[in-house]
file input18.cif (mmCIF, C-alpha atoms)
data_structure
#
loop_
_atom_site.label_atom_id
_atom_site.label_comp_id
_atom_site.auth_asym_id
_atom_site.auth_seq_id
_atom_site.Cartn_x
_atom_site.Cartn_y
_atom_site.Cartn_z
CA MET A 1 33.53 73.49 117.83
CA LYS A 2 36.10 71.77 119.99
CA ARG A 3 36.30 68.90 117.54
CA ILE A 4 36.85 71.23 114.63
CA LEU A 5 39.62 72.99 116.48
CA LEU A 6 41.25 69.70 117.36
CA SER A 7 41.03 68.54 113.77
CA ALA A 8 42.59 71.76 112.59
CA PHE A 9 45.33 71.31 115.13
CA ALA A 10 45.97 67.76 114.03
CA ALA A 11 46.01 68.79 110.40
CA GLY A 12 48.37 71.66 111.04
CA PHE A 13 50.87 69.58 112.98
CA GLY A 14 50.27 66.30 111.22
CA THR A 15 53.93 65.52 110.79
CA ILE A 16 54.78 65.92 114.48
CA ALA A 17 54.27 62.82 116.66
CA ILE A 18 52.00 63.71 119.58
CA ALA A 19 53.65 62.52 122.81
CA GLU A 20 51.82 60.00 124.94
CA THR A 21 50.94 60.82 128.53
CA ALA A 22 52.94 58.86 131.12
CA PRO A 23 50.81 56.94 133.68
CA SER A 24 51.75 59.30 136.51
CA ASP A 25 50.86 62.35 134.42
CA VAL A 26 47.30 61.38 133.50
CA THR A 27 44.80 64.05 134.54
CA PHE A 28 41.45 62.85 135.85
CA GLY A 29 38.29 64.92 135.90
CA ASP A 30 36.01 65.28 138.91
CA TYR A 31 34.23 62.04 138.11
CA GLY A 32 37.37 60.11 137.19
CA GLN A 33 37.11 60.76 133.48
CA VAL A 34 40.15 61.26 131.23
CA GLU A 35 39.46 63.60 128.33
CA MET A 36 42.52 63.23 126.13
CA SER A 37 43.86 60.10 124.48
CA VAL A 38 46.71 58.85 126.68
CA SER A 39 48.65 57.69 123.64
CA GLY A 40 47.95 60.83 121.68
CA ALA A 41 46.43 58.71 118.94
CA ALA A 42 43.07 57.13 118.21
CA GLY A 43 42.37 53.59 119.39
CA ASP A 44 41.92 50.57 117.15
CA PRO A 45 38.76 48.70 118.15
CA ALA A 46 39.90 45.45 116.48
CA ALA A 47 43.11 45.43 118.52
CA GLY A 48 41.09 46.34 121.59
CA ARG A 49 38.86 43.34 121.07
CA GLU A 50 41.88 41.01 121.25
CA ILE A 51 43.21 42.72 124.36
CA MET A 52 39.81 42.30 126.06
CA ALA A 53 40.05 38.50 125.78
CA ASN A 54 43.81 37.96 126.10
CA ARG A 55 44.72 36.57 129.53
CA GLY A 56 48.15 38.21 129.35
CA LYS A 57 46.75 41.61 128.44
CA GLY A 58 43.47 43.12 129.56
CA ASN A 59 41.69 39.83 130.28
CA CYS A 60 38.59 41.98 130.80
CA ILE A 61 36.27 39.01 130.42
CA ALA A 62 37.86 37.43 133.50
CA CYS A 63 35.48 39.66 135.44
CA HIS A 64 33.01 41.04 132.85
CA GLN A 65 30.49 39.35 130.59
CA VAL A 66 30.48 40.63 127.00
CA THR A 67 27.99 39.10 124.58
CA ALA A 68 29.99 40.26 121.55
CA LEU A 69 32.96 38.23 122.82
CA GLU A 70 31.08 34.97 123.23
CA GLU A 71 33.56 33.14 121.01
CA PHE A 72 36.04 33.38 123.90
CA PRO A 73 35.07 30.97 126.70
CA PHE A 74 34.48 31.72 130.37
CA HIS A 75 33.27 35.22 131.15
CA GLY A 76 33.40 36.30 134.76
CA GLU A 77 30.74 37.68 137.09
CA VAL A 78 32.81 39.92 139.35
CA GLY A 79 32.10 43.15 137.48
CA PRO A 80 29.02 44.30 135.55
CA SER A 81 28.28 43.18 131.99
CA LEU A 82 29.88 45.50 129.45
CA ASP A 83 27.08 45.08 126.92
CA GLY A 84 26.01 48.56 125.90
CA ALA A 85 28.96 50.20 127.73
CA GLY A 86 29.50 52.52 124.76
CA SER A 87 25.92 53.77 125.09
CA ARG A 88 26.01 54.24 128.85
CA TRP A 89 29.34 56.06 129.08
CA GLU A 90 31.21 58.82 127.35
CA GLU A 91 34.54 57.86 125.84
CA SER A 92 36.30 59.97 128.48
CA ASP A 93 34.52 58.04 131.25
CA LEU A 94 35.57 54.70 129.82
CA ARG A 95 39.16 55.92 129.40
CA GLY A 96 39.17 56.98 133.05
CA ILE A 97 37.74 53.65 134.24
CA VAL A 98 40.20 51.55 132.24
CA THR A 99 43.11 53.78 133.29
CA ASN A 100 42.27 53.70 137.01
CA ALA A 101 38.74 52.68 137.94
CA LYS A 102 39.18 53.80 141.54
CA MET A 103 39.08 57.43 140.40
CA THR A 104 35.46 56.76 139.38
CA PHE A 105 34.55 53.99 141.85
CA PRO A 106 36.76 54.34 144.94
CA GLU A 107 35.88 50.89 146.35
CA SER A 108 36.21 49.02 143.05
CA VAL A 109 38.10 45.73 142.95
CA MET A 110 39.09 46.52 139.36
CA PRO A 111 42.85 46.87 138.83
CA ALA A 112 44.20 50.10 137.35
CA PHE A 113 45.48 49.24 133.90
CA TYR A 114 47.58 52.36 133.39
CA MET A 115 49.27 53.04 136.70
CA VAL A 116 52.81 52.41 137.93
CA ASP A 117 53.11 53.58 141.50
CA GLY A 118 51.32 53.69 144.82
CA PHE A 119 51.06 49.91 145.17
CA ILE A 120 51.75 47.83 148.28
CA ARG A 121 54.46 45.19 147.71
CA PRO A 122 54.48 45.43 143.91
CA GLY A 123 55.84 42.29 142.30
CA ASN A 124 57.93 41.45 139.28
CA GLY A 125 55.03 40.41 137.06
CA TYR A 126 53.52 37.12 138.27
CA THR A 127 56.75 35.71 139.72
CA GLY A 128 55.94 36.48 143.35
CA LYS A 129 59.30 38.25 143.62
CA ALA A 130 59.75 41.96 144.32
CA ALA A 131 59.57 44.31 141.38
CA GLU A 132 62.93 45.29 139.96
CA GLY A 133 62.94 48.97 139.15
CA PRO A 134 59.96 50.96 137.90
CA LEU A 135 56.81 49.06 136.98
CA ASP A 136 55.35 48.96 133.51
CA PRO A 137 51.63 49.61 133.35
CA ILE A 138 49.52 46.50 132.73
CA LEU A 139 48.53 47.94 129.36
CA THR A 140 50.45 50.41 127.20
CA ALA A 141 48.98 53.82 126.39
CA GLN A 142 47.96 52.65 122.94
CA GLU A 143 46.42 49.45 124.34
CA ILE A 144 44.32 51.61 126.70
CA GLU A 145 43.07 53.56 123.69
CA ASP A 146 42.40 50.34 121.75
CA VAL A 147 40.29 48.95 124.60
CA VAL A 148 38.39 52.24 124.94
CA ALA A 149 37.74 52.26 121.19
CA TYR A 150 36.39 48.71 121.39
CA LEU A 151 34.19 49.51 124.38
CA MET A 152 32.68 52.39 122.42
CA THR A 153 31.52 49.86 119.82
CA LEU A 154 29.41 48.09 122.47
CA GLN A 155 26.16 49.92 121.78
CA ASP A 156 22.65 49.00 122.92
CA MET B 1 10.38 15.19 121.73
CA LYS B 2 11.70 18.69 121.65
CA LYS B 3 12.16 18.57 125.39
CA THR B 4 14.09 15.34 125.16
CA LEU B 5 16.38 16.77 122.54
CA LEU B 6 16.97 19.86 124.62
CA SER B 7 17.80 17.75 127.63
CA ALA B 8 20.21 15.67 125.61
CA SER B 9 21.99 18.73 124.29
CA ALA B 10 22.16 20.21 127.77
CA VAL B 11 23.88 17.06 128.97
CA CYS B 12 26.39 17.25 126.12
CA LEU B 13 27.15 20.87 126.89
CA ALA B 14 27.56 20.09 130.54
CA MET B 15 30.02 17.30 129.86
CA ALA B 16 32.16 19.56 127.70
CA VAL B 17 32.86 21.82 130.66
CA PRO B 18 36.05 20.86 132.51
CA PHE B 19 36.56 20.40 136.24
CA GLY B 20 35.93 23.29 138.50
CA SER B 21 33.82 25.45 136.30
CA VAL B 22 30.21 26.33 136.50
CA MET B 23 28.59 23.13 137.63
CA ALA B 24 28.92 23.21 141.38
CA ASP B 25 25.96 21.87 143.29
CA GLU B 26 25.95 24.45 146.04
CA ASN B 27 23.26 22.61 147.95
CA ALA B 28 25.08 19.28 148.14
CA ASP B 29 25.95 17.75 151.51
CA LEU B 30 29.25 16.04 152.18
CA ILE B 31 29.12 12.60 153.75
CA ILE B 32 32.37 10.63 153.48
CA ASN B 33 32.25 6.85 153.09
CA GLY B 34 28.50 7.01 153.58
CA GLU B 35 28.86 7.67 157.30
CA LEU B 36 31.14 10.56 158.21
CA GLU B 37 29.13 13.76 158.14
CA ILE B 38 31.13 16.86 157.31
CA THR B 39 29.77 20.30 158.15
CA VAL B 40 30.30 22.32 154.96
CA ARG B 41 27.96 25.19 155.91
CA ALA B 42 27.77 26.85 159.30
CA PRO B 43 26.81 30.18 160.84
CA ALA B 44 29.66 32.67 160.56
CA PRO B 45 31.66 33.09 163.78
CA ALA B 46 30.93 36.23 165.80
CA HIS B 47 34.16 37.94 164.81
CA MET B 48 32.95 38.05 161.18
CA GLU B 49 30.06 40.34 162.01
CA GLY B 50 30.11 43.21 159.53
CA SER B 51 31.88 41.14 156.87
CA GLY B 52 28.68 40.60 154.93
CA ILE B 53 29.01 36.84 155.36
CA SER B 54 26.42 35.23 157.60
CA GLU B 55 27.03 31.66 156.48
CA ILE B 56 30.49 30.20 156.09
CA MET B 57 31.03 27.50 153.48
CA SER B 58 33.74 24.98 152.81
CA GLY B 59 35.49 25.27 149.45
CA TRP B 60 33.99 21.84 148.70
CA VAL B 61 30.61 23.53 148.19
CA PHE B 62 31.97 25.56 145.26
CA ARG B 63 33.56 22.70 143.35
CA ALA B 64 32.12 20.82 140.41
CA THR B 65 30.06 17.73 141.10
CA GLU B 66 32.82 15.43 139.81
CA THR B 67 35.41 17.09 142.03
CA GLN B 68 33.06 16.89 145.01
CA ALA B 69 32.62 13.17 144.44
CA PHE B 70 36.34 12.43 144.90
CA GLU B 71 36.08 13.43 148.51
CA MET B 72 33.00 11.36 149.32
CA ASP B 73 34.88 8.05 149.32
CA ASP B 74 38.34 7.55 150.82
CA PHE B 75 39.20 5.07 148.07
CA GLU B 76 38.52 7.79 145.49
CA ASN B 77 40.29 10.54 147.43
CA PRO B 78 43.88 10.72 146.11
CA GLY B 79 44.88 12.68 149.21
CA MET B 80 44.24 9.63 151.41
CA ILE B 81 47.08 7.71 149.72
CA PHE B 82 49.54 10.12 151.31
CA THR B 83 48.24 9.39 154.80
CA GLU B 84 49.51 5.82 154.43
CA ALA B 85 53.07 7.03 153.93
CA ALA B 86 52.60 9.20 157.00
CA ILE B 87 51.52 6.19 159.11
CA ASP B 88 54.89 4.59 158.33
CA ALA B 89 56.66 7.82 159.29
CA TRP B 90 54.58 8.01 162.47
CA ASN B 91 55.90 4.63 163.61
CA THR B 92 59.51 5.12 162.48
CA VAL B 93 62.17 5.87 165.06
CA GLU B 94 64.26 8.83 163.93
CA GLY B 95 66.85 11.04 165.58
CA GLU B 96 69.22 10.87 168.51
CA ALA B 97 66.57 10.30 171.15
CA GLY B 98 65.51 7.00 169.62
CA GLU B 99 61.86 8.03 169.51
CA SER B 100 59.08 7.94 166.97
CA CYS B 101 55.85 9.95 166.99
CA ALA B 102 54.19 6.81 168.32
CA SER B 103 56.55 6.65 171.31
CA CYS B 104 54.85 9.63 172.91
CA HIS B 105 51.55 10.01 171.07
CA GLY B 106 50.30 6.43 170.63
CA THR B 107 48.28 5.99 167.46
CA PRO B 108 47.45 8.73 164.96
CA GLU B 109 43.82 8.38 166.09
CA ASP B 110 44.91 9.50 169.55
CA MET B 111 45.59 12.88 167.92
CA ALA B 112 41.94 13.39 166.97
CA GLY B 113 40.99 16.99 167.60
CA VAL B 114 44.49 18.46 167.40
CA SER B 115 44.25 19.73 163.82
CA ALA B 116 40.96 21.43 164.70
CA VAL B 117 42.59 23.89 167.10
CA TYR B 118 45.67 24.87 165.09
CA PRO B 119 47.24 27.41 164.64
CA ARG B 120 47.47 27.77 168.38
CA TRP B 121 49.33 29.83 170.96
CA ASN B 122 52.23 27.96 172.55
CA GLU B 123 52.88 29.37 176.00
CA GLY B 124 56.38 27.95 176.40
CA ALA B 125 57.54 29.28 173.07
CA GLY B 126 55.62 32.55 173.39
CA GLU B 127 54.35 32.31 169.83
CA VAL B 128 51.53 31.04 167.66
CA ARG B 129 52.41 27.63 166.27
CA THR B 130 51.05 26.06 163.12
CA MET B 131 50.80 22.29 162.78
CA THR B 132 54.02 22.53 160.78
CA THR B 133 56.02 24.40 163.37
CA GLN B 134 54.62 22.20 166.14
CA ILE B 135 55.50 18.97 164.33
CA ASN B 136 58.98 20.28 163.61
CA ASP B 137 59.42 21.32 167.21
CA CYS B 138 58.63 17.73 168.18
CA ARG B 139 61.11 16.45 165.64
CA THR B 140 64.03 18.69 166.55
CA GLU B 141 63.47 19.10 170.30
CA GLN B 142 61.95 15.77 171.36
CA MET B 143 63.29 13.34 168.79
CA GLY B 144 66.60 14.96 167.91
CA ALA B 145 65.66 14.52 164.27
CA GLU B 146 65.89 16.85 161.29
CA ALA B 147 63.09 19.31 160.71
CA TRP B 148 60.92 18.68 157.68
CA ASP B 149 60.66 21.38 155.03
CA TYR B 150 57.60 23.61 155.26
CA ASP B 151 54.82 22.49 152.88
CA LYS B 152 56.97 19.70 151.40
CA ASN B 153 56.06 16.03 151.05
CA ASP B 154 56.93 14.53 154.47
CA MET B 155 55.32 17.42 156.29
CA LEU B 156 52.18 17.53 154.15
CA ASN B 157 51.74 13.77 154.40
CA MET B 158 51.86 13.95 158.19
CA GLN B 159 49.46 16.88 158.26
CA ALA B 160 47.09 14.99 156.01
CA LEU B 161 47.19 12.04 158.40
CA LEU B 162 46.59 14.23 161.45
CA ALA B 163 43.79 16.13 159.69
CA SER B 164 42.17 12.87 158.58
CA VAL B 165 41.73 11.65 162.17
CA SER B 166 39.99 14.93 163.05
CA ARG B 167 37.61 14.91 160.10
CA GLY B 168 34.10 15.86 161.07
CA MET B 169 35.22 17.71 164.19
CA PRO B 170 34.54 21.46 164.21
CA VAL B 171 37.39 23.87 163.55
CA ASP B 172 37.81 25.75 166.82
CA VAL B 173 40.78 28.07 166.65
CA ALA B 174 41.30 30.41 169.62
CA ILE B 175 41.66 34.06 168.66
CA ASP B 176 41.65 35.72 172.07
CA GLY B 177 44.18 35.91 174.88
CA PRO B 178 47.81 35.76 173.82
CA ALA B 179 46.90 34.80 170.23
CA ALA B 180 44.96 38.04 169.73
CA GLU B 181 47.93 40.09 168.55
CA THR B 182 48.87 37.56 165.88
CA TRP B 183 45.22 37.22 164.88
CA GLU B 184 44.93 41.02 164.43
CA MET B 185 48.01 40.98 162.24
CA GLY B 186 46.46 38.25 160.14
CA ARG B 187 43.22 40.18 159.87
CA GLU B 188 45.11 43.26 158.71
CA LEU B 189 46.86 41.20 156.03
CA TYR B 190 43.54 39.71 154.90
CA TYR B 191 42.13 43.14 154.14
CA THR B 192 45.29 44.71 152.70
CA ARG B 193 45.29 45.14 148.94
CA THR B 194 48.63 44.17 147.45
CA GLY B 195 50.43 44.08 144.14
CA GLN B 196 49.86 45.83 140.88
CA LEU B 197 46.38 44.31 140.69
CA ASP B 198 45.72 45.88 144.08
CA LEU B 199 43.67 42.99 145.46
CA SER B 200 43.13 41.75 149.01
CA CYS B 201 41.96 38.31 150.10
CA ALA B 202 38.63 39.95 150.91
CA ASN B 203 38.15 41.40 147.41
CA CYS B 204 37.73 37.91 146.00
CA HIS B 205 36.81 35.64 148.89
CA GLU B 206 34.56 37.91 150.95
CA GLN B 207 33.06 40.29 148.38
CA ASN B 208 32.91 37.94 145.41
CA TYR B 209 32.59 34.36 146.59
CA GLY B 210 30.19 32.43 144.40
CA ASN B 211 31.11 34.54 141.36
CA LEU B 212 33.12 33.28 138.44
CA ILE B 213 36.47 34.89 137.71
CA ARG B 214 37.11 33.61 134.22
CA ALA B 215 36.62 29.83 134.68
CA ASP B 216 37.30 29.84 138.43
CA HIS B 217 34.40 29.68 140.84
CA LEU B 218 35.46 31.90 143.74
CA SER B 219 35.09 30.26 147.14
CA GLN B 220 35.22 31.86 150.57
CA GLY B 221 38.87 30.87 150.74
CA MET B 222 38.39 28.56 153.74
CA ILE B 223 41.31 26.39 154.83
CA ASN B 224 39.44 23.73 156.81
CA GLY B 225 40.20 21.22 154.04
CA PHE B 226 43.99 21.53 154.08
CA PRO B 227 46.21 19.85 153.18
CA THR B 228 44.38 19.81 149.89
CA TYR B 229 44.89 17.42 147.01
CA ARG B 230 44.56 19.51 143.84
CA LEU B 231 43.63 17.88 140.57
CA ASN B 232 45.53 20.76 138.90
CA ASN B 233 48.92 19.69 140.23
CA ALA B 234 48.16 16.15 141.41
CA ARG B 235 49.67 16.48 144.87
CA LEU B 236 48.99 17.66 148.38
CA ASN B 237 49.15 21.42 148.86
CA GLY B 238 49.88 23.34 152.03
CA VAL B 239 48.11 26.45 153.26
CA HIS B 240 51.07 28.80 152.94
CA SER B 241 51.84 27.63 149.42
CA ARG B 242 48.25 28.34 148.50
CA PHE B 243 48.46 31.80 150.08
CA ARG B 244 51.65 32.37 148.14
CA GLY B 245 49.97 31.45 144.85
CA CYS B 246 47.06 33.79 145.51
CA VAL B 247 49.26 36.74 146.47
CA ARG B 248 51.53 36.10 143.49
CA ASP B 249 48.48 36.34 141.26
CA THR B 250 47.89 39.90 142.44
CA ARG B 251 51.28 40.75 140.87
CA ALA B 252 52.69 41.26 144.34
CA GLU B 253 55.87 40.30 146.12
CA THR B 254 54.63 37.45 148.25
CA TYR B 255 55.49 36.61 151.81
CA SER B 256 57.51 33.45 152.29
CA VAL B 257 56.10 30.07 153.18
CA GLY B 258 56.55 29.78 156.96
CA SER B 259 56.91 33.55 157.45
CA PRO B 260 55.40 35.28 160.51
CA GLU B 261 52.99 37.03 158.13
CA PHE B 262 51.64 33.79 156.72
CA VAL B 263 51.44 32.21 160.18
CA ALA B 264 49.30 35.18 161.24
CA LEU B 265 47.21 34.98 158.08
CA GLU B 266 46.74 31.24 158.60
CA LEU B 267 45.46 31.84 162.13
CA TYR B 268 43.05 34.50 160.91
CA VAL B 269 41.76 32.56 157.90
CA ALA B 270 41.44 29.37 159.99
CA SER B 271 39.32 31.33 162.48
CA ARG B 272 36.94 32.39 159.72
CA GLY B 273 36.21 28.68 159.38
CA ASN B 274 35.41 28.11 163.06
CA GLY B 275 32.37 25.85 162.98
CA LEU B 276 33.10 24.07 159.71
CA SER B 277 34.44 20.53 159.97
CA VAL B 278 38.06 19.59 159.63
CA GLU B 279 38.04 18.13 156.15
CA GLY B 280 41.65 17.41 155.18
CA PRO B 281 42.89 15.90 153.06
CA SER B 282 40.28 17.50 150.81
CA VAL B 283 40.08 17.39 147.01
CA ARG B 284 39.89 20.54 144.92
CA ASN B 285 40.61 21.45 141.32
#
call {"tool": "encode", "arguments": {"input": "input18.cif", "output": "C-alpha cells"}}
result
Amino acid sequence: MKRILLSAFAAGFGTIAIAETAPSDVTFGDYGQVEMSVSGAAGDPAAGREIMANRGKGNCIACHQVTALEEFPFHGEVGPSLDGAGSRWEESDLRGIVTNAKMTFPESVMPAFYMVDGFIRPGNGYTGKAAEGPLDPILTAQEIEDVVAYLMTLQD
Amino acid sequence: MKKTLLSASAVCLAMAVPFGSVMADENADLIINGELEITVRAPAPAHMEGSGISEIMSGWVFRATETQAFEMDDFENPGMIFTEAAIDAWNTVEGEAGESCASCHGTPEDMAGVSAVYPRWNEGAGEVRTMTTQINDCRTEQMGAEAWDYDKNDMLNMQALLASVSRGMPVDVAIDGPAAETWEMGRELYYTRTGQLDLSCANCHEQNYGNLIRADHLSQGMINGFPTYRLNNARLNGVHSRFRGCVRDTRAETYSVGSPEFVALELYVASRGNGLSVEGPSVRN
C-alpha cells in the first residue's frame, strides 16, 4: 500500500525535483535505519559498484571482502564480508549503515559516509591541515543511494 | 602431477604479490647477522591489561618475507648505511664549545641501552624528553651548536646509530613517577578517534592488528624499530612523522612533529612495546 501511494505521489509530482536530505537532517530509526532515499532519487547499482572499489570514494573493499568485486585487488578483513548483504538487510538498514554505521553499531570502526559534523580535529581532506569551512560528506547523497542500490544486488 | 602443477601456480601467484601484502610469516624469528637475537614477540606489559592484547609483536612480524629478510643482515639493511654518516657526525667537533659527541660520550657503543629507555623524564628540564629533544639539548646547551631539525636527515641518522648499538636490548620505558602525567596524555590520544574517518590508533592497531586493510597488513603499531627505513619512500622515517601520516589518513588535522601531543603519544606507544627488543634501524614497506 505504501509503495502504491509513493508511486502515485511520484507520478503526480513528477516534474518537481525532490530535494535531497542534508547530512545533518537525516532521520534514523530506532535501529539506525534510514527509510527515505537521502538524495530523493533511486540509486544506480552500476555506479555504486564503482564507488565500492574506488579508493577516493567509498573504498568499501578496503575493509570488506566482496566476491562480486574480485576483479579489484586487495579486499580487507576489518569488517564482515558483504556477500549476501542484500539478503540479510533491508534497504533502509543498509542506507543507515552506509550513512552512519554508529547509529546501528555504536562501537563500529566504520566511518560515517554521510556526515559533516561532530568530529574531533576534522581535516581538510587528506592534507593533515585543519578543515576550512564546513565539511563535505565523504560520499554525496546520490552516491550513498548508488552504494545502497549495489549492496541490494548482493543476494545469497 | 596435478599437485606439482598446483604448487607451481601457487608460487607464481605468490610472486605476483608486491611487498607488504599477504605473505607475512608471522611465526618467523628475527636473528640479525646470524647472531643478534631480536625479541619480536613478548608478553604484553601490565599496563595493557584490558586491551585485548596479551602478546606484543614487533611490526617486523607483520611484514612480507622479502621485507623481513632485509633486516636479517646489516649489509642488506639500507637503514644501516645512514649509521655510517652518523659515526662521522659523532666524531665531528661542532659549535662554540669545541666539542663533539665523542668528547663526552666516548664511542657510540658506549651509548648502548640509551635508546631503550627513551622517551624519558628529565628532572632538570621538568619534562619528558625524546631522543630528538635530548640530542638537540646536547647540541645547543653542551656544544653550542645548531639544533637539528626534528625527524630530518642528520637527526634520524644519529638516532639510527644510537638505536643500532642498543639492538637486542629490551625496550624499558618508565611510565610512572613524574612521567605518568605525560603518559596518561599519550594514552588518551591513543584512544581518541579523530578526523572525518573517526579513527583512533586503537581502532586499527589494537582492535584490528593482523587484518588486512586493502593491501596493508595492520600491525600493532609498535615503534621499537624506529627510525625505520621504508621501502615505500627509500629513507629513514621518524616516529612523529609516522604518527603524522597515520593521523592525516583519518582525514584529521594532525599534531605537529615535535609537538607536546606527539611526545606524549611517543612515550605511550613506546611503553606498549616494553619487552620487545630495540630494533632500529628497522626495515618496513
call {"tool": "interface_residues", "arguments": {"input": "input18.cif", "of": "chain B", "to": "chain A", "cutoff": "12 Å", "atoms": "only C-alpha atoms", "output": "PDB file with C-alpha atoms, keeping the file's coordinate frame"}}
result
ATOM      1  CA  ALA B  16      32.160  19.560 127.700  1.00  0.00           C
ATOM      2  CA  VAL B  17      32.860  21.820 130.660  1.00  0.00           C
ATOM      3  CA  PRO B  18      36.050  20.860 132.510  1.00  0.00           C
ATOM      4  CA  GLY B  20      35.930  23.290 138.500  1.00  0.00           C
ATOM      5  CA  SER B  21      33.820  25.450 136.300  1.00  0.00           C
ATOM      6  CA  VAL B  22      30.210  26.330 136.500  1.00  0.00           C
ATOM      7  CA  LEU B 189      46.860  41.200 156.030  1.00  0.00           C
ATOM      8  CA  THR B 192      45.290  44.710 152.700  1.00  0.00           C
ATOM      9  CA  ARG B 193      45.290  45.140 148.940  1.00  0.00           C
ATOM     10  CA  THR B 194      48.630  44.170 147.450  1.00  0.00           C
ATOM     11  CA  GLY B 195      50.430  44.080 144.140  1.00  0.00           C
ATOM     12  CA  GLN B 196      49.860  45.830 140.880  1.00  0.00           C
ATOM     13  CA  LEU B 197      46.380  44.310 140.690  1.00  0.00           C
ATOM     14  CA  ASP B 198      45.720  45.880 144.080  1.00  0.00           C
ATOM     15  CA  LEU B 199      43.670  42.990 145.460  1.00  0.00           C
ATOM     16  CA  SER B 200      43.130  41.750 149.010  1.00  0.00           C
ATOM     17  CA  CYS B 201      41.960  38.310 150.100  1.00  0.00           C
ATOM     18  CA  ALA B 202      38.630  39.950 150.910  1.00  0.00           C
ATOM     19  CA  ASN B 203      38.150  41.400 147.410  1.00  0.00           C
ATOM     20  CA  CYS B 204      37.730  37.910 146.000  1.00  0.00           C
ATOM     21  CA  HIS B 205      36.810  35.640 148.890  1.00  0.00           C
ATOM     22  CA  GLU B 206      34.560  37.910 150.950  1.00  0.00           C
ATOM     23  CA  GLN B 207      33.060  40.290 148.380  1.00  0.00           C
ATOM     24  CA  ASN B 208      32.910  37.940 145.410  1.00  0.00           C
ATOM     25  CA  TYR B 209      32.590  34.360 146.590  1.00  0.00           C
ATOM     26  CA  GLY B 210      30.190  32.430 144.400  1.00  0.00           C
ATOM     27  CA  ASN B 211      31.110  34.540 141.360  1.00  0.00           C
ATOM     28  CA  LEU B 212      33.120  33.280 138.440  1.00  0.00           C
ATOM     29  CA  ILE B 213      36.470  34.890 137.710  1.00  0.00           C
ATOM     30  CA  ARG B 214      37.110  33.610 134.220  1.00  0.00           C
ATOM     31  CA  ALA B 215      36.620  29.830 134.680  1.00  0.00           C
ATOM     32  CA  ASP B 216      37.300  29.840 138.430  1.00  0.00           C
ATOM     33  CA  HIS B 217      34.400  29.680 140.840  1.00  0.00           C
ATOM     34  CA  LEU B 218      35.460  31.900 143.740  1.00  0.00           C
ATOM     35  CA  SER B 241      51.840  27.630 149.420  1.00  0.00           C
ATOM     36  CA  PHE B 243      48.460  31.800 150.080  1.00  0.00           C
ATOM     37  CA  ARG B 244      51.650  32.370 148.140  1.00  0.00           C
ATOM     38  CA  GLY B 245      49.970  31.450 144.850  1.00  0.00           C
ATOM     39  CA  CYS B 246      47.060  33.790 145.510  1.00  0.00           C
ATOM     40  CA  VAL B 247      49.260  36.740 146.470  1.00  0.00           C
ATOM     41  CA  ARG B 248      51.530  36.100 143.490  1.00  0.00           C
ATOM     42  CA  ASP B 249      48.480  36.340 141.260  1.00  0.00           C
ATOM     43  CA  THR B 250      47.890  39.900 142.440  1.00  0.00           C
ATOM     44  CA  ARG B 251      51.280  40.750 140.870  1.00  0.00           C
ATOM     45  CA  ALA B 252      52.690  41.260 144.340  1.00  0.00           C
ATOM     46  CA  GLU B 253      55.870  40.300 146.120  1.00  0.00           C
ATOM     47  CA  THR B 254      54.630  37.450 148.250  1.00  0.00           C
ATOM     48  CA  TYR B 255      55.490  36.610 151.810  1.00  0.00           C
ATOM     49  CA  SER B 256      57.510  33.450 152.290  1.00  0.00           C
ATOM     50  CA  VAL B 257      56.100  30.070 153.180  1.00  0.00           C
TER      51      VAL B 257
END
call {"tool": "closest_residue", "arguments": {"input": "input18.cif", "among": "A:Ala42, A:Leu69, A:Met103, A:Ile97", "to": "Gln142 in chain A", "atoms": "only C-alpha atoms"}}
result
A:Ala42
call {"tool": "resolve_selection", "arguments": {"input": "input18.cif", "expression": "the PyMOL selection byres ((chain A and resi 44) around 9)", "output": "list in words"}}
result
Ala42, Gly43, Pro45, Ala46, Ala47, Gly48, Arg49, Gln142, Glu143, Glu145, Asp146, Val147, Val148, Ala149 and Tyr150 of chain A
call {"tool": "atom_distance", "arguments": {"input": "input18.cif", "atom1": "CA of Met52 in chain A", "atom2": "CA of Thr21 in chain A"}}
result
21.7 Å
call {"tool": "resolve_selection", "arguments": {"input": "input18.cif", "expression": "the PyMOL selection byres ((chain B and resi 234) around 12)", "output": "VMD selection string"}}
result
chain B and resid 77 to 79 81 to 82 228 to 233 235 to 237 283 to 285
call {"tool": "atom_distance", "arguments": {"input": "input18.cif", "atom1": "CA of Gly106 in chain B", "atom2": "CA of Glu76 in chain B"}}
result
27.8 Å
call {"tool": "decode", "arguments": {"input": "input18.cif", "residues": "range 119-130 of chain A", "atoms": "C-alpha atoms", "output": "mmCIF file, in the first residue's frame"}}
result
data_model
loop_
_atom_site.group_PDB
_atom_site.id
_atom_site.type_symbol
_atom_site.label_atom_id
_atom_site.label_comp_id
_atom_site.auth_asym_id
_atom_site.auth_seq_id
_atom_site.Cartn_x
_atom_site.Cartn_y
_atom_site.Cartn_z
ATOM 1 C CA PHE A 119 34.219 15.145 14.510
ATOM 2 C CA ILE A 120 37.346 15.733 16.588
ATOM 3 C CA ARG A 121 40.008 17.746 14.713
ATOM 4 C CA PRO A 122 38.433 17.385 11.262
ATOM 5 C CA GLY A 123 40.969 17.867 8.496
ATOM 6 C CA ASN A 124 40.996 19.382 5.049
ATOM 7 C CA GLY A 125 40.706 16.099 3.168
ATOM 8 C CA TYR A 126 43.931 14.080 3.475
ATOM 9 C CA THR A 127 46.254 17.081 3.786
ATOM 10 C CA GLY A 128 46.713 16.864 7.547
ATOM 11 C CA LYS A 129 45.703 20.526 7.778
ATOM 12 C CA ALA A 130 42.612 21.823 9.569
#
